[in-house]
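The structure appears below as structure tokens.
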Amino acid sequence: MNLRELEYFVAVAETKNFSEAAYQCFVTQPTLSSQLKKLEDELGHALFIRNTRVVKLSTFGEEVLPLAKNVLAGVKALEQKAQALQDPFVGRLSVGAFPTLAPWLLPRLSRVWRQDYPESAFYLREEKSQVLQQKLLQDQMDCAFLALPQDDLPDMEVLPIFRETFYVAVGKQHPWRKLRSISPSKLKGTEFLLLEDGHCLRDQALDFCHRFGAQEHDMFKATSLETLREMVRMQVGITLVPRLAVPEKPERGLRYIPIKNAENVAYRDIALCFRKTHPRRLMFEDLVKKMRLLCDHALPVQALSEELLSNEL
């Protein structure tokens with residue numbers, strides 16, 4: 001028995017697909033299948049039920065899967081610890097971020113990584129928050145950028161980075177298009193276009209709507225922030241957009257209106273989360289310090305062109 005065989009086993013168990021598992025493990029499917037057969041022969045029991053079209057774990061496979069994950073996690077921790085003792089700023093890291101943050105945070109993160117950690121490679125994984133949380137808990141990811149609060153992450157260090165306010169995005173024909181800012185109390189009865197279930201931005205937007213008497217548009221839910229923007233361009237409705245996603249220059253067909261006192265009423269706090277015992281903790285703490293400065297100075301401060309900034313609601 002060797003570690004590669006265990007890696008193949010866990011990959012197939014998680015993807016439920018031999019081809020996908022082989023792709024993730026950078027081997028051919030015949031190689032993966034033969035190694036798994038060898039592992040089963042060594043253990044004396046089948047790990048998978050192969051007489052169905054769907055890949056399914058055998059009873060024995062279900063029982064040993066947690067053990068295999070623990071073995072691989074232990075080996076990874078040992079390697080990381082040994083490497084970190086030499087230099088915590090060297091080596092490979094897997095970093096997670098959720099979809100309504102990743103596209104706009106990544107350029108800033110890349111800038112820091114290139115300048116300050118030239119001997120460390122990072123691999124970004126964009127997933128919904130629930131998936132990132134599970135991967136952190138299962139030790140399948142080194143760290144992740146998540147929105148607070150994160151009360152369901154035991155034994156995790158949570159380091160806040162910045163507070164990101166929300167803007168109201170409206171179409172070019174909307175009555176509010178020339179407003180300099182808008183008071184949350186004036187949004188009562190307004191309908192907002194929101195993302196589908198599973199996105200943390202949806203939960204944050206719903207909370208804001210409920211607090212100020214606004215509602216969700218009941219005829220439409222989007223799968224991405226870009227889809228929401230297109231619907232606003234088409235005059236279907238209005239939406240909330242995080243500040244990082246607001247372009248610094250005026251955008252065709254869209255206007256972004258700041259919310260009064262947004263830092264207290266319309267915001268989300270972004271943090272970096274990682275295991276308290278992670279051997280590269282020093283690097284994460286250093287990264288957070290640099291990201292705090294970079295995000296604070298790089299956020300757009302002017303969302304509308306001056307000729308549009310003439311009124312307030």
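By convention here, the chains of the structure tokens are called A, B, ... in the order presented, each chain's residues are numbered starting at 1, and ligands are numbered starting at 1 in the order presented.
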Distance table requested - stretch 95-163 of chain A against stretch 233-255 of chain A, cut-off 12 Å, only C-alpha atoms: one row per qualifying residue with the closest atom pair and its distance in Å to one decimal, ordered by chain and rising residue number, as a tab-separated table.
```
residue	atom	partner	partner_atom	distance
A:Pro99	CA	A:Ala245	CA	11.3
A:Thr100	CA	A:Pro242	CA	8.1
A:Leu101	CA	A:Leu244	CA	7.7
A:Ala102	CA	A:Ala245	CA	10.0
A:Pro103	CA	A:Ala245	CA	8.3
A:Trp104	CA	A:Leu244	CA	6.0
A:Leu105	CA	A:Leu244	CA	7.5
A:Leu106	CA	A:Leu244	CA	10.9
A:Pro107	CA	A:Leu244	CA	11.1
A:Arg108	CA	A:Leu244	CA	10.6
A:Ala147	CA	A:Pro242	CA	11.9
A:Phe162	CA	A:Leu244	CA	10.9
A:Arg163	CA	A:Arg243	CA	9.5
```
task: Mind checking which residues fall within 12 Å of A:Ala144, counting only C-alpha atoms, ignoring those fewer than 4 positions away in the same chain, and posting them as an MDAnalysis selection string?
output: chainID A and resid 93:98 101:102 105 122:137 139:140 148 150 153 156:160 270:275 284 288
Now that the selection is made, can you save its residues with C-alpha atoms as an mmCIF file, in the first residue's frame?
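Okay, this is what ended up in part_23.cif:
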```cif
data_model
loop_
_atom_site.group_PDB
_atom_site.id
_atom_site.type_symbol
_atom_site.label_atom_id
_atom_site.label_comp_id
_atom_site.auth_asym_id
_atom_site.auth_seq_id
_atom_site.Cartn_x
_atom_site.Cartn_y
_atom_site.Cartn_z
ATOM 1 C CA LEU A 93 -0.863 26.794 -0.903
ATOM 2 C CA SER A 94 -4.495 26.208 -1.843
ATOM 3 C CA VAL A 95 -6.590 29.345 -1.332
ATOM 4 C CA GLY A 96 -10.373 29.604 -1.531
ATOM 5 C CA ALA A 97 -12.725 32.509 -2.255
ATOM 6 C CA PHE A 98 -16.457 32.691 -2.951
ATOM 7 C CA LEU A 101 -15.520 38.088 -4.188
ATOM 8 C CA ALA A 102 -12.938 36.033 -6.090
ATOM 9 C CA LEU A 105 -10.021 40.151 -4.933
ATOM 10 C CA PHE A 122 -0.937 29.748 -4.613
ATOM 11 C CA TYR A 123 -3.800 27.895 -6.277
ATOM 12 C CA LEU A 124 -7.134 29.672 -6.070
ATOM 13 C CA ARG A 125 -10.348 27.676 -5.829
ATOM 14 C CA GLU A 126 -13.606 29.551 -6.375
ATOM 15 C CA GLU A 127 -16.520 27.866 -4.599
ATOM 16 C CA LYS A 128 -19.627 28.825 -2.680
ATOM 17 C CA SER A 129 -19.008 29.576 0.978
ATOM 18 C CA GLN A 130 -20.497 26.291 2.227
ATOM 19 C CA VAL A 131 -18.068 24.296 0.067
ATOM 20 C CA LEU A 132 -15.089 26.346 1.239
ATOM 21 C CA GLN A 133 -16.101 25.830 4.867
ATOM 22 C CA GLN A 134 -16.267 22.071 4.376
ATOM 23 C CA LYS A 135 -12.885 21.963 2.670
ATOM 24 C CA LEU A 136 -11.309 23.907 5.515
ATOM 25 C CA LEU A 137 -12.852 21.583 8.091
ATOM 26 C CA ASP A 139 -8.204 19.925 5.752
ATOM 27 C CA GLN A 140 -8.536 19.987 1.963
ATOM 28 C CA LEU A 148 -18.209 37.058 8.539
ATOM 29 C CA GLN A 150 -17.966 32.284 10.694
ATOM 30 C CA LEU A 153 -15.631 26.850 11.976
ATOM 31 C CA MET A 156 -10.119 28.037 12.892
ATOM 32 C CA GLU A 157 -8.340 31.374 13.053
ATOM 33 C CA VAL A 158 -10.492 34.151 11.577
ATOM 34 C CA LEU A 159 -8.609 37.351 10.736
ATOM 35 C CA PRO A 160 -10.782 40.249 9.473
ATOM 36 C CA ILE A 270 -14.242 39.848 4.673
ATOM 37 C CA ALA A 271 -11.783 37.682 6.616
ATOM 38 C CA LEU A 272 -9.087 35.092 5.995
ATOM 39 C CA CYS A 273 -9.796 31.756 7.710
ATOM 40 C CA PHE A 274 -7.312 28.956 8.385
ATOM 41 C CA ARG A 275 -6.547 26.271 10.960
ATOM 42 C CA PHE A 284 -1.145 34.130 6.670
ATOM 43 C CA VAL A 288 -3.644 39.742 6.054
#
```
message: For the helix (DSSP H, G or I) assignment from backbone DSSP, which residues of stretch 121-282 of chain A qualify? Please present them as an NGL selection string.
response: :A and (129-137 or 184-187 or 200-211 or 225-233 or 243-245 or 262-265 or 281-282)
query: Would you give me, as a count of residues only, the residues in stretch 129-222 of chain A that DSSP reads as strand (DSSP E)?
result: 37
query: Contacts of stretch 89-91 of chain A at 7 Å or less, counting only C-alpha atoms, minus same-chain residues fewer than 2 places along, as JSON, numbers by chain?
result: {"A": [87, 93, 117, 119, 120, 121, 283]}
message: Report, in Å to a single decimal, how far apart atom CA of A:Thr165 and atom CA of A:Lys290 are.
response: 19.9 Å
